[in-house]
Each structure stands twice: as structure tokens, then as C-alpha cells.
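Coordinates as given in final_11.txt (compact mmCIF, C-alpha atoms):
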# COMPACT_ATOMS: atom_id res chain seq x y z
CA MET A 984 -19.90 -10.63 4.32
CA THR A 985 -21.15 -12.63 1.36
CA ASP A 986 -23.42 -10.31 -0.62
CA SER A 987 -21.13 -7.97 -2.56
CA THR A 988 -24.07 -5.99 -4.02
CA SER A 989 -25.45 -4.73 -0.70
CA THR A 990 -25.71 -0.94 -0.57
CA THR A 991 -25.27 -1.04 3.22
CA ARG A 992 -21.62 -2.06 3.05
CA SER A 993 -18.91 0.53 3.47
CA VAL A 994 -15.16 0.73 3.01
CA VAL A 995 -12.39 3.25 3.58
CA ILE A 996 -9.54 3.07 1.06
CA THR A 997 -6.44 5.21 1.44
CA GLY A 998 -4.23 6.48 -1.38
CA CYS A 999 -6.87 6.75 -4.11
CA SER A 1000 -5.47 9.52 -6.31
CA VAL A 1001 -4.08 7.03 -8.86
CA GLY A 1002 -3.24 3.37 -9.32
CA ALA A 1003 -4.70 0.46 -7.39
CA GLY A 1004 -6.32 2.68 -4.78
CA GLN A 1005 -8.23 4.63 -7.40
CA ALA A 1006 -9.20 1.44 -9.26
CA ALA A 1007 -10.37 -0.21 -6.04
CA ALA A 1008 -12.43 2.80 -4.98
CA LEU A 1009 -14.21 2.92 -8.34
CA ARG A 1010 -14.67 -0.87 -8.36
CA MET A 1011 -16.20 -1.02 -4.89
CA ALA A 1012 -18.52 1.89 -5.69
CA ARG A 1013 -19.74 0.04 -8.80
CA GLU A 1014 -20.39 -3.00 -6.62
CA GLY A 1015 -22.78 -0.97 -4.49
CA TRP A 1016 -20.51 -0.21 -1.55
CA GLN A 1017 -20.39 3.13 0.19
CA VAL A 1018 -16.80 4.15 -0.46
CA PHE A 1019 -14.70 6.67 1.45
CA ALA A 1020 -11.56 7.29 -0.61
CA THR A 1021 -8.65 9.35 0.68
CA VAL A 1022 -6.70 11.68 -1.62
CA ARG A 1023 -4.19 14.45 -1.05
CA THR A 1024 -5.62 17.29 -3.20
CA ALA A 1025 -9.01 18.86 -3.85
CA ALA A 1026 -8.48 18.39 -7.60
CA ASP A 1027 -8.03 14.64 -7.12
CA ALA A 1028 -11.13 14.53 -4.91
CA ASP A 1029 -13.29 16.28 -7.53
CA ARG A 1030 -12.01 14.08 -10.34
CA LEU A 1031 -12.53 10.84 -8.42
CA GLU A 1032 -16.08 11.69 -7.41
CA LYS A 1033 -16.94 12.62 -11.01
CA GLU A 1034 -15.56 9.31 -12.32
CA ALA A 1035 -17.43 7.20 -9.78
CA SER A 1036 -20.65 5.43 -10.77
CA GLY A 1037 -21.81 4.86 -7.22
CA ASP A 1038 -21.73 6.17 -3.67
CA LEU A 1039 -18.17 7.48 -3.36
CA HIS A 1040 -16.96 10.22 -1.05
CA ALA A 1041 -13.43 11.54 -1.57
CA LEU A 1042 -11.80 12.79 1.61
CA LEU A 1043 -8.63 14.85 1.97
CA CYS A 1044 -6.20 13.17 4.33
CA ASP A 1045 -2.47 12.72 4.83
CA VAL A 1046 -2.16 9.41 6.68
CA ARG A 1047 1.11 10.60 8.25
CA ASP A 1048 -0.93 13.04 10.33
CA ARG A 1049 -2.68 11.16 13.14
CA ASP A 1050 -5.01 14.07 13.86
CA GLN A 1051 -6.15 14.14 10.23
CA VAL A 1052 -6.79 10.39 10.28
CA PHE A 1053 -8.92 10.60 13.41
CA ALA A 1054 -10.80 13.60 11.99
CA MET A 1055 -11.49 11.55 8.87
CA ALA A 1056 -12.81 8.68 11.01
CA ALA A 1057 -15.18 11.08 12.74
CA ALA A 1058 -16.43 12.32 9.36
CA VAL A 1059 -16.97 8.74 8.17
CA GLU A 1060 -18.83 7.87 11.38
CA SER A 1061 -21.14 10.85 10.93
CA ARG A 1062 -22.10 9.57 7.47
CA LEU A 1063 -22.49 5.94 8.55
CA GLY A 1064 -24.68 6.73 11.53
CA PRO A 1065 -25.33 3.64 13.68
CA ARG A 1066 -23.80 1.30 11.10
CA GLY A 1067 -20.28 0.08 11.40
CA LEU A 1068 -17.53 -0.01 8.79
CA ASP A 1069 -17.14 -3.19 6.74
CA GLY A 1070 -13.67 -2.63 5.33
CA LEU A 1071 -10.45 -0.64 5.64
CA VAL A 1072 -7.85 -0.90 2.87
CA CYS A 1073 -4.53 0.73 3.78
CA ASN A 1074 -3.35 1.21 0.22
CA ALA A 1075 -1.43 4.50 0.58
CA GLY A 1076 2.29 3.97 0.14
CA VAL A 1077 5.50 5.70 -0.90
CA GLY A 1078 9.01 4.52 -1.69
CA ALA A 1079 12.51 5.89 -1.26
CA SER A 1080 15.99 5.01 -2.44
CA GLY A 1081 19.62 5.75 -1.73
CA PRO A 1082 22.50 4.51 0.41
CA ILE A 1083 21.44 4.41 4.06
CA GLU A 1084 24.70 6.07 5.09
CA PHE A 1085 23.72 9.30 3.31
CA LEU A 1086 19.91 9.39 3.57
CA ASP A 1087 18.45 12.77 4.39
CA HIS A 1088 15.66 12.97 6.95
CA ASP A 1089 12.75 12.78 4.49
CA GLU A 1090 14.13 9.88 2.46
CA MET A 1091 14.70 8.02 5.70
CA THR A 1092 11.41 8.68 7.49
CA ILE A 1093 8.62 9.27 4.95
CA PRO A 1094 8.25 5.59 3.87
CA ILE A 1095 7.97 4.54 7.52
CA GLU A 1096 5.56 7.38 8.33
CA VAL A 1097 3.25 6.61 5.40
CA ASN A 1098 3.52 2.84 5.00
CA LEU A 1099 3.78 1.79 8.64
CA TYR A 1100 2.57 4.54 10.94
CA GLY A 1101 -0.15 5.60 8.50
CA SER A 1102 -1.59 2.08 8.65
CA ILE A 1103 -1.34 2.06 12.45
CA TYR A 1104 -3.18 5.38 12.71
CA CYS A 1105 -5.93 4.11 10.41
CA ALA A 1106 -6.36 0.93 12.46
CA GLN A 1107 -6.56 2.95 15.67
CA ALA A 1108 -9.07 5.41 14.26
CA PHE A 1109 -11.39 2.93 12.53
CA LEU A 1110 -11.37 -0.10 14.81
CA PRO A 1111 -14.40 1.13 16.80
CA LEU A 1112 -16.39 1.24 13.55
CA LEU A 1113 -14.93 -2.03 12.28
CA ARG A 1114 -15.94 -3.80 15.51
CA LYS A 1115 -19.57 -2.79 14.94
CA ALA A 1116 -19.66 -4.47 11.52
CA ARG A 1117 -17.15 -7.25 12.25
CA GLY A 1118 -15.25 -5.79 9.34
CA ARG A 1119 -11.93 -6.40 7.64
CA ILE A 1120 -8.58 -4.65 7.39
CA VAL A 1121 -6.40 -5.09 4.29
CA ASN A 1122 -2.79 -3.97 4.72
CA VAL A 1123 -0.69 -3.71 1.55
CA THR A 1124 2.87 -5.02 1.54
CA SER A 1125 5.54 -5.37 -1.16
CA GLY A 1126 7.76 -8.02 -2.71
CA SER A 1127 10.71 -5.79 -1.90
CA THR A 1128 10.75 -7.45 1.53
CA LEU A 1129 11.77 -10.80 -0.01
CA PHE A 1130 15.18 -10.11 -1.59
CA THR A 1131 17.94 -8.06 -0.02
CA MET A 1132 18.66 -5.31 -2.51
CA PRO A 1133 21.01 -2.35 -1.96
CA LEU A 1134 19.73 1.23 -2.08
CA MET A 1135 16.11 0.26 -1.41
CA SER A 1136 16.34 2.35 1.74
CA THR A 1137 13.65 2.17 4.41
CA TYR A 1138 10.83 1.12 2.05
CA PRO A 1139 11.23 -2.67 2.54
CA ALA A 1140 11.74 -2.15 6.27
CA SER A 1141 8.44 -0.28 6.50
CA LYS A 1142 6.60 -3.02 4.60
CA LEU A 1143 8.18 -5.85 6.59
CA GLY A 1144 7.19 -4.04 9.76
CA LEU A 1145 3.65 -3.74 8.42
CA GLU A 1146 3.47 -7.49 7.80
CA GLN A 1147 4.46 -8.20 11.40
CA LEU A 1148 2.12 -5.52 12.69
CA SER A 1149 -0.75 -7.13 10.76
CA ARG A 1150 -0.13 -10.50 12.40
CA GLN A 1151 0.01 -8.85 15.80
CA LEU A 1152 -3.17 -6.89 15.15
CA GLN A 1153 -4.99 -10.02 13.96
CA ALA A 1154 -4.17 -11.73 17.26
CA GLU A 1155 -5.65 -8.77 19.14
CA VAL A 1156 -8.87 -8.14 17.20
CA ALA A 1157 -9.98 -11.63 16.14
CA ARG A 1158 -12.05 -11.79 19.34
CA PHE A 1159 -14.21 -8.99 17.93
CA GLY A 1160 -14.81 -10.74 14.62
CA VAL A 1161 -12.47 -8.33 12.83
CA HIS A 1162 -10.19 -9.98 10.25
CA VAL A 1163 -6.78 -8.56 9.27
CA CYS A 1164 -5.00 -9.70 6.12
CA VAL A 1165 -1.91 -8.70 4.15
CA LEU A 1166 -1.93 -8.28 0.38
CA ASP A 1167 1.07 -8.23 -1.97
CA PRO A 1168 0.05 -6.51 -5.23
CA GLY A 1169 3.26 -7.43 -7.06
CA HIS A 1170 4.59 -5.17 -9.80
CA ILE A 1171 1.87 -2.71 -10.74
CA LYS A 1172 1.50 0.39 -12.86
CA SER A 1173 1.30 2.97 -10.12
CA ARG A 1174 2.46 6.49 -9.41
CA MET A 1175 5.47 4.98 -7.62
CA THR A 1176 6.60 2.94 -10.63
CA GLN A 1177 5.68 5.60 -13.19
CA THR A 1178 7.80 8.20 -11.42
CA ALA A 1179 10.52 5.88 -10.11
CA ALA A 1180 13.20 7.12 -12.50
CA GLU A 1181 12.46 10.77 -11.77
CA ALA A 1182 12.41 10.09 -8.01
CA SER A 1183 15.69 8.19 -8.25
CA ARG A 1184 17.39 11.07 -10.06
CA ALA A 1185 15.98 13.62 -7.59
CA ALA A 1186 17.17 11.58 -4.60
CA ARG A 1187 20.61 11.18 -6.14
CA ALA A 1188 20.91 14.91 -6.75
CA LYS A 1189 20.61 15.50 -3.01
CA LEU A 1190 23.48 13.16 -2.18
CA PRO A 1191 26.95 14.52 -1.31
CA ALA A 1192 29.92 13.85 -3.57
CA ALA A 1193 31.18 11.15 -1.20
CA ALA A 1194 28.04 9.10 -1.83
CA ASN A 1195 28.65 9.07 -5.56
CA GLU A 1196 32.28 8.13 -5.03
CA LEU A 1197 31.41 5.19 -2.78
CA TYR A 1198 28.16 3.98 -4.33
CA GLY A 1199 28.26 5.41 -7.84
CA ASP A 1200 28.02 2.06 -9.65
CA LEU A 1201 25.01 0.99 -7.61
CA LEU A 1202 23.34 4.38 -8.07
CA ASP A 1203 23.84 4.14 -11.84
CA ARG A 1204 22.30 0.68 -11.89
CA MET A 1205 19.35 1.74 -9.75
CA THR A 1206 18.64 4.66 -12.08
CA GLN A 1207 18.71 2.27 -15.03
CA LEU A 1208 16.39 -0.22 -13.31
CA SER A 1209 14.00 2.59 -12.43
CA SER A 1210 13.94 3.74 -16.07
CA ASP A 1211 13.34 0.18 -17.29
CA MET A 1212 10.48 -0.19 -14.81
CA GLN A 1213 8.61 2.87 -16.04
CA GLY A 1214 5.38 1.95 -17.80
CA SER A 1215 5.62 -1.74 -16.89
CA GLY A 1216 3.55 -3.79 -14.46
CA LYS A 1217 0.02 -5.14 -14.21
CA GLN A 1218 -3.03 -2.94 -14.61
CA PRO A 1219 -4.43 -1.47 -11.38
CA ASP A 1220 -7.81 -3.13 -12.07
CA GLN A 1221 -6.16 -6.53 -11.55
CA VAL A 1222 -5.12 -5.52 -8.07
CA ALA A 1223 -8.51 -3.95 -7.36
CA GLU A 1224 -10.07 -7.35 -8.09
CA VAL A 1225 -7.96 -8.94 -5.36
CA TYR A 1226 -8.85 -6.13 -2.94
CA HIS A 1227 -12.49 -6.95 -3.67
CA ARG A 1228 -11.92 -10.64 -2.96
CA ALA A 1229 -10.17 -9.88 0.32
CA LEU A 1230 -13.16 -7.79 1.41
CA THR A 1231 -15.90 -10.19 0.31
CA GLU A 1232 -14.73 -13.83 0.44
CA PRO A 1233 -16.76 -15.74 3.05
CA ARG A 1234 -13.56 -17.25 4.44
CA PRO A 1235 -10.89 -14.56 4.12
CA ARG A 1236 -7.23 -15.55 4.01
CA ALA A 1237 -4.36 -14.19 6.04
CA PHE A 1238 -2.37 -13.36 2.90
CA TYR A 1239 -3.29 -12.50 -0.70
CA THR A 1240 -1.18 -12.04 -3.81
CA ALA A 1241 -2.12 -10.30 -7.04
CA GLY A 1242 -0.67 -11.89 -10.16
CA SER A 1243 1.86 -14.60 -10.89
CA ASP A 1244 4.83 -12.30 -10.22
CA ALA A 1245 3.84 -11.80 -6.58
CA ARG A 1246 3.11 -15.51 -6.14
CA TRP A 1247 6.46 -16.51 -7.66
CA LEU A 1248 8.43 -14.14 -5.46
CA ARG A 1249 6.69 -15.43 -2.35
CA TRP A 1250 7.43 -19.02 -3.39
CA ALA A 1251 11.06 -18.21 -4.18
CA SER A 1252 11.57 -16.46 -0.89
CA ARG A 1253 10.17 -19.41 1.02
CA PHE A 1254 12.07 -22.23 -0.68
CA LEU A 1255 15.28 -20.80 -2.14
CA PRO A 1256 18.32 -20.76 0.15
CA MET A 1257 19.70 -17.39 1.17
CA SER A 1258 22.81 -17.86 -0.99
CA VAL A 1259 20.65 -18.24 -4.11
CA LYS A 1260 18.53 -15.20 -3.24
CA GLN A 1261 21.67 -13.16 -2.70
CA ALA A 1262 23.04 -14.31 -6.05
CA ILE A 1263 19.81 -13.26 -7.78
CA ALA A 1264 19.94 -9.82 -6.15
CA LYS A 1265 23.58 -9.42 -7.13
CA ARG A 1266 22.81 -10.38 -10.74
CA ILE A 1267 20.03 -7.80 -10.87
CA MET A 1268 22.32 -5.06 -9.58
CA THR A 1269 25.23 -5.95 -11.87
CA GLY A 1270 23.16 -6.29 -15.04

Translate the structure of the given file into C-alpha cells.
Amino acid sequence: MTDSTSTTRSVVITGCSVGAGQAAALRMAREGWQVFATVRTAADADRLEKEASGDLHALLCDVRDRDQVFAMAAAVESRLGPRGLDGLVCNAGVGASGPIEFLDHDEMTIPIEVNLYGSIYCAQAFLPLLRKARGRIVNVTSGSTLFTMPLMSTYPASKLGLEQLSRQLQAEVARFGVHVCVLDPGHIKSRMTQTAAEASRAARAKLPAAANELYGDLLDRMTQLSSDMQGSGKQPDQVAEVYHRALTEPRPRAFYTAGSDARWLRWASRFLPMSVKQAIAKRIMTG
């Protein structure tokens, strides 16, 4: 996988309605790849295909639905014919927040269903095609796994599980020439960060009075942090560039980071003692 201009290369990228997924889909199409980009609505599919300057097919798929994922794989296979699939980027992701004690079912399960099980379903569905091309899987993690922060809910757990799953999967599929890597995009302008404040307020509105009595100060701080985050972060194109590298470097790595923020957090997590990391998290939450 050294010639990034070849029109015979193909990639499936999930979560392409906005953000890094959209930027990566458009970038890979410009590079001459055949791109299969998943979105959730017909309007997003039409818009993405119109914006693309290459061979891009937008497919409707909810990665939480295993049947939909396998149906998408069958559709991709019908377009590829005898060729295999060169890349799978599991970019789709959602967050959640709130005290674990009071999480409703959706806040508790959706991050795990999308971020973890969605990536598992995609690996299961596309591995037969990836084996044919000795392709690559890129699973997207988060720096939220590195510092223990209250009210982050099941989002970091889903991403930490995905990191372990990726290592396990690599051990299983290396024999087929398939490479699995993990990528931390750092803080990025995405739908998740752009709507974080609104999502935080909506989640809080569903909490019972007891939750506000017990965790009110933390909930206030989380709402403030979400508001401060809105509009910040690196441009999605910067992350798309790292996706491209992970798919095309002759000697792919096991782990990629996008930007100095992601690299710093990984370094800090590795070398700082737990007491220091806890102090940093506490300082963030107390202002």
C-alpha cells in the first residue's frame, strides 16, 4: 500500500456526516480512492456525494444495527467485485455525560453501542474483504481514556474497550496481512464538541432532583466546560491527514495521534504518577 493515487484502492469510513469523517471521505476521494462513506440521513448522503471530487458513494447505515452493517458490507462487495477492501476507518462516535448513578438507558448504552459494538460489527462484516486486499483497520479512540474525570459516563469506557479490542484483533488478523491500528484525534471541531453544551443541558434536564442535589456542583462545571469547548479544537482536515497516513504508510504504526494536544496527553498519561493526574482532573473540575 504505497501508491496513494491508485484508483483501485477502496476504503469504508463510518460517521461521515460532519467533522473528521466527512473530511477524510472527501480527502480520500480526491486522492483517487473509491470511498464508501456512511451517513445517517438521505440529505447528508446527497450533500456528501455532491461535494466529492472523486469516486465517493454515501451509504445509509446505523453502526449500532448489526444487520445494517452486514447489508452495507454486501453492497460494498457488489461494487468492488473480485477486489478486496483496502481500508476500514471506524470513525463514527458519540458521547454521553452525567452521574453514573442516575444514567438513563440511552445515556448509558448508546456510547458503547456506537463506539465499541459498532466497530466490532464493522470488523466482522468487512474482514473477508480486507483479507483479500491485506487491508487496514483504523479504530478511533479518545484522550478521555487518560484522565479520570467525573460525569464522563460510559464514553471513556467504550473507547478504552475499543483500544483493547484493537490489540486483540491485531493479534488475530496479522496472519492474514491485515493491520489494525488505533488513532487518537485529540480535540477536534466535530458535531460532538459543537453540540456538547446543548447535549449536556439536555442530559441534565432528564436527571431527577436527587441527582442535582448530590452532583449539582459537578454538573454546573461540566456545563461550563462544554460551553467553553464549543467552537474550539483543530480543523477536521488535520485529522483527515492522519487518517490518510494510517491507510497509506508503507510501515503502519500501532498507534497514531493527531496534533500536539493528543501527543501531550498520551505522554502525560504514561509518565505522570496517578496522584498528579488526579490533581489535574480535580483542578479542571473545580475551575

Work out how far atom CA of A:Thr1124 is from atom CA of A:Ala1245, in Å to one decimal.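 According to the coordinates, atom CA of A:Ala1245 and atom CA of A:Thr1124 are separated by 10.6 Å.
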
Give me the stretch 1188-1241 of chain A side of the contact with stretch 1072-1089 of chain A, cut-off 9 Å, one line per residue showing its nearest atom pair and distance in Å at one decimal, counting all atoms listed in the file, sorted by chain and residue number, as CSV.
residue,atom,partner,partner_atom,distance
A:Lys1189,CA,A:Asp1087,CA,8.2
A:Leu1190,CA,A:Phe1085,CA,6.7
A:Pro1191,CA,A:Phe1085,CA,7.7
A:Ala1193,CA,A:Phe1085,CA,8.9
A:Ala1194,CA,A:Phe1085,CA,6.7
A:Tyr1198,CA,A:Pro1082,CA,7.4
A:Leu1202,CA,A:Gly1081,CA,7.5
A:Met1205,CA,A:Ser1080,CA,8.7
A:Tyr1226,CA,A:Val1072,CA,7.9
A:Leu1230,CA,A:Val1072,CA,8.8

One decimal, in Å: what's the spacing between atom CA of A:Met1268 and atom CA of A:Leu1248?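 Result for atom CA of A:Met1268 versus atom CA of A:Leu1248: 17.1 Å, one decimal.
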
Between atom CA of A:Cys1164 and atom CA of A:Trp1247, what is the spacing in Å?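 Straight-line distance from atom CA of A:Trp1247 to atom CA of A:Cys1164 works out to 19.2 Å.
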
Using only C-alpha atoms and a cutoff of 10 Å, can you tell me which residues are near (-10.3, -0.1, -7.7) in the file's coordinates, and write them out as a PyMOL selection string? chain A and resi 996+999+1001-1013+1219-1227

Residue with smallest distance to A:Arg1184 - pool A:Asn1122, A:Gln1213, A:Gln1051, A:Gln1207, counting only C-alpha atoms: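 Closest to A:Arg1184 of all the choices is A:Gln1207.
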
Nearest to A:Cys1044, restricted to only C-alpha atoms and choosing among A:Val1163, A:Ala1182, A:Val995, A:Leu1134, comes out as A:Val995

Pick out the residues sitting within 9 Å of A:Arg1049, and hand them over as a list in words; count all atoms listed in the file, and ignore anything fewer than 6 positions along from it in its own chain. Tyr1100, Gly1101, Tyr1104, Cys1105 and Ala1108 of chain A

Using C-alpha atoms, can you write the selected residues to a file as a PDB file, keeping the file's coordinate frame?
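Output saved as out_11.pdb:
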ATOM      1  CA  TYR A1100       2.570   4.540  10.940  1.00  0.00           C
ATOM      2  CA  GLY A1101      -0.150   5.600   8.500  1.00  0.00           C
ATOM      3  CA  TYR A1104      -3.180   5.380  12.710  1.00  0.00           C
ATOM      4  CA  CYS A1105      -5.930   4.110  10.410  1.00  0.00           C
ATOM      5  CA  ALA A1108      -9.070   5.410  14.260  1.00  0.00           C
TER       6      ALA A1108
END

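Counting all atoms listed in the file and comparing A:Gly1169, A:Pro1094, A:Gly1199, A:Gly998, the residue that lies closest to A:Val1022 is A:Gly998.
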
Residue contacts of A:Thr1131 (9 Å, only C-alpha atoms) excluding same-chain residues fewer than 2 positions away, as a ChimeraX atom specification: /A:1127-1129,1133,1135,1139,1260-1261,1264

From A:Glu1181, A:Asp1029, A:Asp1048, A:Asp1167, residue lying nearest A:Thr1240 [all atoms listed in the file]: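 Checking each candidate against A:Thr1240, we get A:Asp1167 as the closest.
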
A:Lys1217, A:Arg1228, A:Lys1033, A:Arg1187: which is nearest A:Asp1203, counting all atoms listed in the file?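 Nearest candidate to A:Asp1203 out of A:Lys1217, A:Arg1228, A:Lys1033, A:Arg1187: A:Arg1187.
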
Determine the nearest neighbour of A:Pro1111 from the options A:Ala1057, A:Leu1148, A:Val1097, A:Leu1143, counting all atoms listed in the file.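 Of A:Ala1057, A:Leu1148, A:Val1097, A:Leu1143, the one nearest A:Pro1111 is A:Ala1057, counting all atoms listed in the file.
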
May I have the residues within 12 Å of A:Gly1064 as a compact mmCIF listing (two decimals) with C-alpha atoms, in the frame of the given file, using only C-alpha atoms and disregarding those fewer than 3 positions away in the same chain?
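For reference, selection.txt as written:
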# COMPACT_ATOMS: atom_id res chain seq x y z
CA THR A 991 -25.27 -1.04 3.22
CA SER A 993 -18.91 0.53 3.47
CA ALA A 1057 -15.18 11.08 12.74
CA ALA A 1058 -16.43 12.32 9.36
CA VAL A 1059 -16.97 8.74 8.17
CA GLU A 1060 -18.83 7.87 11.38
CA SER A 1061 -21.14 10.85 10.93
CA GLY A 1067 -20.28 0.08 11.40
CA LEU A 1068 -17.53 -0.01 8.79
CA LEU A 1112 -16.39 1.24 13.55
CA LYS A 1115 -19.57 -2.79 14.94

Counting all atoms listed in the file, note down every residue that has an atom within 9 Å of the point (0.3, -15.3, 0.5) (file coordinates), as a list of chain:residue names.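 These residues have at least one counted atom within 9 Å: A:Val1165, A:Leu1166, A:Asp1167, A:Arg1236, A:Ala1237, A:Phe1238, A:Tyr1239, A:Thr1240, A:Ala1245, A:Arg1246, A:Arg1249, A:Trp1250.
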
I'd like the contact shell of A:Ile1263 - 12 Å cut-off, only C-alpha atoms, skipping same-chain residues fewer than 3 positions apart - returned as a list in words.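 In the requested form, the answer reads Leu1129, Phe1130, Thr1131, Met1132, Leu1248, Ala1251, Ser1252, Leu1255, Pro1256, Met1257, Ser1258, Val1259, Lys1260, Arg1266, Ile1267, Met1268, Thr1269 and Gly1270 of chain A.
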